[in-house]
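What follows is a short report on a single structure.
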Amino acid sequence: PLSIELVHELALGLELAGFPFLWALRKPASAGDADILPPGFEERTRGRGLVAMGWVPQISILAHGAVGAFLTHCGWNSTIEGLLFGRPLIMLPIHGDQGSNARLMEERQIGVQVPRDEEDGSFDRHAVARAVRAVMSKDESRETFVANAKKLREIVADRTCQERCIDEFVERLRSSCIE
């Protein structure tokens, strides 16, 4: 989980970006009784931003036509869910396979990663705001991100293709066990 300082930077970056948002936020265990959001954040973003503490129905939200992009840690399930609805990605990988998933999506021009400090992995509000604006601003790069996300949507949503891939995988496993 992110430190309180990085949660604050993420919040302030969303505020600086200036776009409407819904943020599903789980309070980090390290937060204790501390305020998880920067002072005054909810008041300043009222009417264009909503912070939901805890679980939200992510698939239902991503399916809604008002969603312009998906800020994600790039866990594989979340990445696939974003692609299932053709959403461009704002990527903030935290650990594990998330970094390689984010690089793969960035190479395919599905969105952009929030730049991080190479030494400690930190980021700041300005990096968050730039990444959000890069994906959300109505310009040529946004059109590219949306078009590429929709192309991948066709693959992710193709049940026949998915079942064929699973069948081929299972067959390869079986044949390698026989050899």
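FYI, nothing fancy with the structure tokens labels: chains A, B, ... in order, residues from 1 per chain, ligands from 1 as they appear.
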Please identify all polymer residues within 12 Å of Lys151 of chain A, counting only C-alpha atoms, omitting same-chain residues fewer than 2 positions from it, and present them as a compact mmCIF listing (two decimals) with all heavy atoms, in the first residue's frame.
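So part.txt came out as:
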```txt
# COMPACT_ATOMS: atom_id res chain seq x y z
N LEU A 83 -9.67 -2.86 -19.94
CA LEU A 83 -9.68 -3.12 -21.38
C LEU A 83 -11.01 -3.69 -21.84
O LEU A 83 -11.44 -3.43 -22.97
CB LEU A 83 -8.55 -4.08 -21.75
CG LEU A 83 -7.14 -3.52 -21.56
CD1 LEU A 83 -6.11 -4.61 -21.84
CD2 LEU A 83 -6.91 -2.30 -22.42
N LEU A 84 -11.67 -4.44 -20.99
CA LEU A 84 -12.96 -5.03 -21.34
C LEU A 84 -13.97 -3.96 -21.75
O LEU A 84 -14.86 -4.20 -22.55
CB LEU A 84 -13.50 -5.85 -20.16
CG LEU A 84 -14.77 -6.64 -20.38
CD1 LEU A 84 -14.59 -7.66 -21.52
CD2 LEU A 84 -15.16 -7.37 -19.10
N PHE A 85 -13.78 -2.75 -21.21
CA PHE A 85 -14.68 -1.65 -21.54
C PHE A 85 -14.00 -0.59 -22.40
O PHE A 85 -14.53 0.51 -22.57
CB PHE A 85 -15.25 -1.05 -20.24
CG PHE A 85 -16.06 -2.06 -19.49
CD1 PHE A 85 -15.54 -2.72 -18.40
CD2 PHE A 85 -17.33 -2.41 -19.92
CE1 PHE A 85 -16.27 -3.68 -17.72
CE2 PHE A 85 -18.07 -3.38 -19.27
CZ PHE A 85 -17.54 -4.02 -18.16
N GLY A 86 -12.82 -0.92 -22.94
CA GLY A 86 -12.14 -0.01 -23.86
C GLY A 86 -11.66 1.27 -23.21
O GLY A 86 -11.60 2.31 -23.86
N ARG A 87 -11.31 1.22 -21.93
CA ARG A 87 -10.88 2.42 -21.22
C ARG A 87 -9.37 2.62 -21.33
O ARG A 87 -8.60 1.71 -21.03
CB ARG A 87 -11.25 2.35 -19.73
CG ARG A 87 -12.72 2.10 -19.47
CD ARG A 87 -13.58 3.25 -19.94
NE ARG A 87 -14.98 2.94 -19.69
CZ ARG A 87 -15.94 3.23 -20.56
NH1 ARG A 87 -15.67 3.83 -21.68
NH2 ARG A 87 -17.19 2.93 -20.26
N PRO A 88 -8.93 3.81 -21.72
CA PRO A 88 -7.49 4.09 -21.66
C PRO A 88 -7.05 4.10 -20.20
O PRO A 88 -7.87 4.33 -19.30
CB PRO A 88 -7.36 5.47 -22.30
CG PRO A 88 -8.72 6.06 -22.34
CD PRO A 88 -9.70 4.94 -22.22
N ARG A 108 1.86 -0.52 -25.98
CA ARG A 108 0.71 -0.65 -26.89
C ARG A 108 -0.09 0.64 -26.99
O ARG A 108 -1.14 0.66 -27.61
CB ARG A 108 -0.18 -1.81 -26.45
CG ARG A 108 0.52 -3.15 -26.59
CD ARG A 108 -0.37 -4.28 -26.10
NE ARG A 108 0.31 -5.54 -26.20
CZ ARG A 108 0.18 -6.37 -27.23
NH1 ARG A 108 -0.60 -6.09 -28.22
NH2 ARG A 108 0.84 -7.52 -27.24
N GLN A 109 0.40 1.68 -26.36
CA GLN A 109 -0.21 3.00 -26.36
C GLN A 109 -1.68 2.96 -25.90
O GLN A 109 -2.57 3.52 -26.54
CB GLN A 109 -0.08 3.65 -27.74
CG GLN A 109 1.35 3.94 -28.12
CD GLN A 109 1.45 4.70 -29.42
OE1 GLN A 109 0.74 4.43 -30.37
NE2 GLN A 109 2.35 5.67 -29.44
N ILE A 110 -1.88 2.32 -24.76
CA ILE A 110 -3.20 2.25 -24.14
C ILE A 110 -3.35 3.38 -23.12
O ILE A 110 -4.43 3.69 -22.69
CB ILE A 110 -3.41 0.89 -23.44
CG1 ILE A 110 -3.16 -0.28 -24.38
CG2 ILE A 110 -4.79 0.79 -22.82
CD1 ILE A 110 -4.05 -0.31 -25.60
N THR A 144 -5.60 8.32 -29.75
CA THR A 144 -4.79 7.12 -29.93
C THR A 144 -5.01 6.14 -28.78
O THR A 144 -5.22 4.95 -29.00
CB THR A 144 -3.29 7.48 -30.03
OG1 THR A 144 -3.11 8.34 -31.15
CG2 THR A 144 -2.42 6.25 -30.18
N PHE A 145 -4.98 6.65 -27.53
CA PHE A 145 -5.19 5.78 -26.37
C PHE A 145 -6.56 5.11 -26.43
O PHE A 145 -6.69 3.91 -26.19
CB PHE A 145 -5.06 6.57 -25.07
CG PHE A 145 -3.71 7.18 -24.82
CD1 PHE A 145 -3.60 8.42 -24.24
CD2 PHE A 145 -2.55 6.50 -25.17
CE1 PHE A 145 -2.35 8.99 -24.00
CE2 PHE A 145 -1.30 7.06 -24.94
CZ PHE A 145 -1.20 8.31 -24.36
N VAL A 146 -7.59 5.88 -26.75
CA VAL A 146 -8.95 5.34 -26.81
C VAL A 146 -9.06 4.30 -27.92
O VAL A 146 -9.60 3.21 -27.72
CB VAL A 146 -9.99 6.47 -27.00
CG1 VAL A 146 -11.36 5.90 -27.30
CG2 VAL A 146 -10.04 7.34 -25.74
N ALA A 147 -8.53 4.61 -29.11
CA ALA A 147 -8.61 3.68 -30.25
C ALA A 147 -7.88 2.38 -29.92
O ALA A 147 -8.39 1.28 -30.20
CB ALA A 147 -8.02 4.32 -31.50
N ASN A 148 -6.70 2.47 -29.31
CA ASN A 148 -5.94 1.27 -28.99
C ASN A 148 -6.59 0.45 -27.88
O ASN A 148 -6.57 -0.78 -27.91
CB ASN A 148 -4.50 1.63 -28.63
CG ASN A 148 -3.72 2.10 -29.83
OD1 ASN A 148 -4.07 1.81 -30.98
ND2 ASN A 148 -2.67 2.87 -29.61
N ALA A 149 -7.19 1.13 -26.91
CA ALA A 149 -7.91 0.41 -25.85
C ALA A 149 -9.11 -0.32 -26.44
O ALA A 149 -9.40 -1.45 -26.06
CB ALA A 149 -8.35 1.39 -24.76
N ARG A 153 -9.95 -4.23 -26.56
CA ARG A 153 -11.26 -4.64 -26.04
C ARG A 153 -11.82 -5.77 -26.91
O ARG A 153 -12.40 -6.73 -26.40
CB ARG A 153 -12.23 -3.47 -26.03
CG ARG A 153 -13.61 -3.86 -25.57
CD ARG A 153 -14.56 -2.68 -25.67
NE ARG A 153 -15.82 -3.03 -25.09
CZ ARG A 153 -16.87 -3.43 -25.79
NH1 ARG A 153 -16.82 -3.49 -27.09
NH2 ARG A 153 -17.99 -3.75 -25.17
N GLU A 154 -11.66 -5.65 -28.22
CA GLU A 154 -12.17 -6.68 -29.13
C GLU A 154 -11.55 -8.04 -28.81
O GLU A 154 -12.23 -9.06 -28.88
CB GLU A 154 -11.89 -6.28 -30.57
CG GLU A 154 -12.68 -5.06 -31.03
CD GLU A 154 -12.27 -4.57 -32.40
OE1 GLU A 154 -11.63 -5.34 -33.16
OE2 GLU A 154 -12.59 -3.41 -32.72
N ILE A 155 -10.29 -8.06 -28.46
CA ILE A 155 -9.61 -9.32 -28.13
C ILE A 155 -10.05 -9.83 -26.76
O ILE A 155 -10.40 -10.99 -26.60
CB ILE A 155 -8.08 -9.13 -28.17
CG1 ILE A 155 -7.64 -8.79 -29.60
CG2 ILE A 155 -7.35 -10.36 -27.65
CD1 ILE A 155 -6.22 -8.28 -29.69
N VAL A 156 -10.03 -8.93 -25.76
CA VAL A 156 -10.37 -9.32 -24.40
C VAL A 156 -11.82 -9.79 -24.30
O VAL A 156 -12.13 -10.73 -23.56
CB VAL A 156 -10.11 -8.14 -23.43
CG1 VAL A 156 -10.64 -8.42 -22.05
CG2 VAL A 156 -8.62 -7.84 -23.36
N ALA A 157 -12.71 -9.15 -25.04
CA ALA A 157 -14.13 -9.48 -24.95
C ALA A 157 -14.55 -10.63 -25.86
O ALA A 157 -15.68 -11.10 -25.79
CB ALA A 157 -14.97 -8.24 -25.29
N ASP A 158 -13.63 -11.14 -26.68
CA ASP A 158 -13.95 -12.22 -27.61
C ASP A 158 -13.90 -13.56 -26.87
O ASP A 158 -12.84 -14.16 -26.70
CB ASP A 158 -12.97 -12.21 -28.78
CG ASP A 158 -13.28 -13.25 -29.83
OD1 ASP A 158 -14.04 -14.21 -29.57
OD2 ASP A 158 -12.74 -13.10 -30.95
```
Practice task
Check the DSSP output for the backbone and give back, as a PyMOL selection string, the residues of chain A in alpha helix (DSSP H).
Solution key: chain A and resi 4-17+41-45+58-63+76-84+98-107+125-136+140-156+159-178
Which residues of segment 35-93 of chain A have any atom within 12 Å of an atom in segment 131-140 of chain A when counting only C-alpha atoms, and what is the closest pair of atoms for each, with the distance in Å to one decimal? Order the rows by chain and rising number and write it as JSON lines.
```
{"residue": "A:Val67", "atom": "CA", "partner": "A:Met136", "partner_atom": "CA", "distance": 10.3}
{"residue": "A:Gly68", "atom": "CA", "partner": "A:Met136", "partner_atom": "CA", "distance": 6.7}
{"residue": "A:Ala69", "atom": "CA", "partner": "A:Met136", "partner_atom": "CA", "distance": 7.0}
{"residue": "A:Phe70", "atom": "CA", "partner": "A:Val132", "partner_atom": "CA", "distance": 9.5}
{"residue": "A:Leu71", "atom": "CA", "partner": "A:Val132", "partner_atom": "CA", "distance": 8.1}
{"residue": "A:Thr72", "atom": "CA", "partner": "A:Val132", "partner_atom": "CA", "distance": 11.4}
{"residue": "A:Arg87", "atom": "CA", "partner": "A:Val135", "partner_atom": "CA", "distance": 10.2}
{"residue": "A:Pro88", "atom": "CA", "partner": "A:Val135", "partner_atom": "CA", "distance": 7.0}
{"residue": "A:Leu89", "atom": "CA", "partner": "A:Val135", "partner_atom": "CA", "distance": 7.4}
{"residue": "A:Ile90", "atom": "CA", "partner": "A:Val132", "partner_atom": "CA", "distance": 6.4}
{"residue": "A:Met91", "atom": "CA", "partner": "A:Ala131", "partner_atom": "CA", "distance": 8.3}
{"residue": "A:Leu92", "atom": "CA", "partner": "A:Ala131", "partner_atom": "CA", "distance": 9.7}
```
Keeping only all heavy atoms, write the selected residues as a compact mmCIF listing (two decimals), in the first residue's frame.
```txt
# COMPACT_ATOMS: atom_id res chain seq x y z
N VAL A 67 -17.24 7.22 -17.90
CA VAL A 67 -15.84 6.97 -17.51
C VAL A 67 -14.93 7.26 -18.70
O VAL A 67 -15.07 6.65 -19.76
CB VAL A 67 -15.66 5.52 -17.02
CG1 VAL A 67 -14.19 5.21 -16.76
CG2 VAL A 67 -16.48 5.27 -15.77
N GLY A 68 -14.00 8.19 -18.50
CA GLY A 68 -13.09 8.58 -19.57
C GLY A 68 -11.77 7.84 -19.55
O GLY A 68 -11.09 7.73 -20.56
N ALA A 69 -11.38 7.33 -18.39
CA ALA A 69 -10.12 6.61 -18.24
C ALA A 69 -10.16 5.88 -16.90
O ALA A 69 -11.05 6.11 -16.08
CB ALA A 69 -8.93 7.56 -18.29
N PHE A 70 -9.16 5.03 -16.70
CA PHE A 70 -9.08 4.21 -15.50
C PHE A 70 -7.69 4.37 -14.92
O PHE A 70 -6.70 3.95 -15.53
CB PHE A 70 -9.36 2.76 -15.88
CG PHE A 70 -9.31 1.75 -14.76
CD1 PHE A 70 -9.62 2.08 -13.45
CD2 PHE A 70 -8.98 0.44 -15.05
CE1 PHE A 70 -9.59 1.12 -12.45
CE2 PHE A 70 -8.95 -0.53 -14.07
CZ PHE A 70 -9.25 -0.19 -12.76
N LEU A 71 -7.59 4.99 -13.73
CA LEU A 71 -6.32 5.08 -13.02
C LEU A 71 -6.19 3.79 -12.24
O LEU A 71 -7.00 3.51 -11.36
CB LEU A 71 -6.29 6.29 -12.09
CG LEU A 71 -4.91 6.65 -11.56
CD1 LEU A 71 -4.86 8.12 -11.16
CD2 LEU A 71 -4.43 5.79 -10.45
N THR A 72 -5.19 2.99 -12.58
CA THR A 72 -5.07 1.64 -12.04
C THR A 72 -3.64 1.34 -11.62
O THR A 72 -2.68 1.88 -12.18
CB THR A 72 -5.54 0.60 -13.08
OG1 THR A 72 -5.32 -0.71 -12.57
CG2 THR A 72 -4.83 0.75 -14.40
N ARG A 87 -11.31 1.22 -21.93
CA ARG A 87 -10.88 2.42 -21.22
C ARG A 87 -9.37 2.62 -21.33
O ARG A 87 -8.60 1.71 -21.03
CB ARG A 87 -11.25 2.35 -19.73
CG ARG A 87 -12.72 2.10 -19.47
CD ARG A 87 -13.58 3.25 -19.94
NE ARG A 87 -14.98 2.94 -19.69
CZ ARG A 87 -15.94 3.23 -20.56
NH1 ARG A 87 -15.67 3.83 -21.68
NH2 ARG A 87 -17.19 2.93 -20.26
N PRO A 88 -8.93 3.81 -21.72
CA PRO A 88 -7.49 4.09 -21.66
C PRO A 88 -7.05 4.10 -20.20
O PRO A 88 -7.87 4.33 -19.30
CB PRO A 88 -7.36 5.47 -22.30
CG PRO A 88 -8.72 6.06 -22.34
CD PRO A 88 -9.70 4.94 -22.22
N LEU A 89 -5.78 3.84 -19.98
CA LEU A 89 -5.26 3.64 -18.62
C LEU A 89 -4.30 4.74 -18.19
O LEU A 89 -3.45 5.17 -18.97
CB LEU A 89 -4.56 2.29 -18.53
CG LEU A 89 -5.36 1.06 -18.96
CD1 LEU A 89 -4.47 -0.18 -18.91
CD2 LEU A 89 -6.61 0.89 -18.12
N ILE A 90 -4.44 5.14 -16.95
CA ILE A 90 -3.46 5.97 -16.25
C ILE A 90 -2.86 4.99 -15.24
O ILE A 90 -3.57 4.49 -14.38
CB ILE A 90 -4.11 7.17 -15.55
CG1 ILE A 90 -4.87 8.01 -16.57
CG2 ILE A 90 -3.06 7.98 -14.80
CD1 ILE A 90 -5.98 8.83 -15.98
N MET A 91 -1.59 4.70 -15.39
CA MET A 91 -1.01 3.56 -14.68
C MET A 91 -0.07 3.98 -13.56
O MET A 91 0.82 4.79 -13.77
CB MET A 91 -0.30 2.67 -15.70
CG MET A 91 -1.28 2.15 -16.75
SD MET A 91 -0.50 1.38 -18.19
CE MET A 91 -0.06 2.83 -19.15
N LEU A 92 -0.32 3.41 -12.39
CA LEU A 92 0.49 3.67 -11.21
C LEU A 92 0.81 2.34 -10.54
O LEU A 92 0.22 1.97 -9.52
CB LEU A 92 -0.27 4.60 -10.25
CG LEU A 92 0.48 5.10 -9.02
CD1 LEU A 92 1.73 5.88 -9.41
CD2 LEU A 92 -0.44 5.95 -8.17
```
Practice task
Please identify all polymer residues within 6 Å of segment 41-56 of chain A, counting only C-alpha atoms, omitting same-chain residues fewer than 3 positions from it, and present them as a list in words.
Solution key: Pro20, Phe21, Leu22, Trp23, Ala24, Leu25, Arg26 and Pro38 of chain A
Export of the given selection (C-alpha atoms) as a JSON list (two decimals), in the first residue's frame:
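Now in out33.json:
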```json
[["chain", "number", "residue", "atom", "x", "y", "z"],
["A", 20, "PRO", "CA", -14.01, 14.72, -12.57],
["A", 21, "PHE", "CA", -13.09, 11.54, -10.69],
["A", 22, "LEU", "CA", -14.32, 8.68, -8.56],
["A", 23, "TRP", "CA", -11.56, 7.29, -6.37],
["A", 24, "ALA", "CA", -11.94, 3.97, -4.58],
["A", 25, "LEU", "CA", -9.49, 4.23, -1.70],
["A", 26, "ARG", "CA", -8.67, 1.67, 0.93],
["A", 38, "PRO", "CA", -5.01, 16.12, 2.59]]
```
Considering only C-alpha atoms, give me a table of residues in segment 66-167 of chain A that are at most 7 Å from segment 2-10 of chain A, with the closest atom pair and distance in Å for each, as JSON lines.
```
{"residue": "A:Asp124", "atom": "CA", "partner": "A:Glu9", "partner_atom": "CA", "distance": 5.3}
{"residue": "A:Arg125", "atom": "CA", "partner": "A:Glu9", "partner_atom": "CA", "distance": 4.6}
{"residue": "A:Val128", "atom": "CA", "partner": "A:Leu10", "partner_atom": "CA", "distance": 6.4}
```
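When atom CA of Gly111 of chain A is paired with atom CA of Ala17 of chain A, their separation reads 15.6 Å.
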Exercise for the section: Find the distance between atom CA of Gln58 of chain A and atom CA of Gly82 of chain A and write it in Å to one decimal. Expected result: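 A separation of 9.2 Å between them.
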Exercise for the section: Run DSSP on the backbone and grab whatever in chain A lands in strand (DSSP E); send it over as a list in words. Expected result: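 Strand (DSSP E) assignments inside chain A correspond to Phe21, Leu22, Trp23, Ala24, Leu25, Gly49, Leu50, Val51, Ala52, Met53, Phe70, Leu71, Thr72, Leu89, Ile90, Met91, Gly111, Val112 and Gln113 of chain A.
Here atom CA of Val114 of chain A is placed at a distance of 16.6 Å from atom CA of Ser78 of chain A.
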Practice task
Using only C-alpha atoms, find the one residue out of A:Ile61, A:Ala102, A:Ala129, A:Leu37 that sits nearest to Gly13 of chain A.
Solution key: A:Ala129
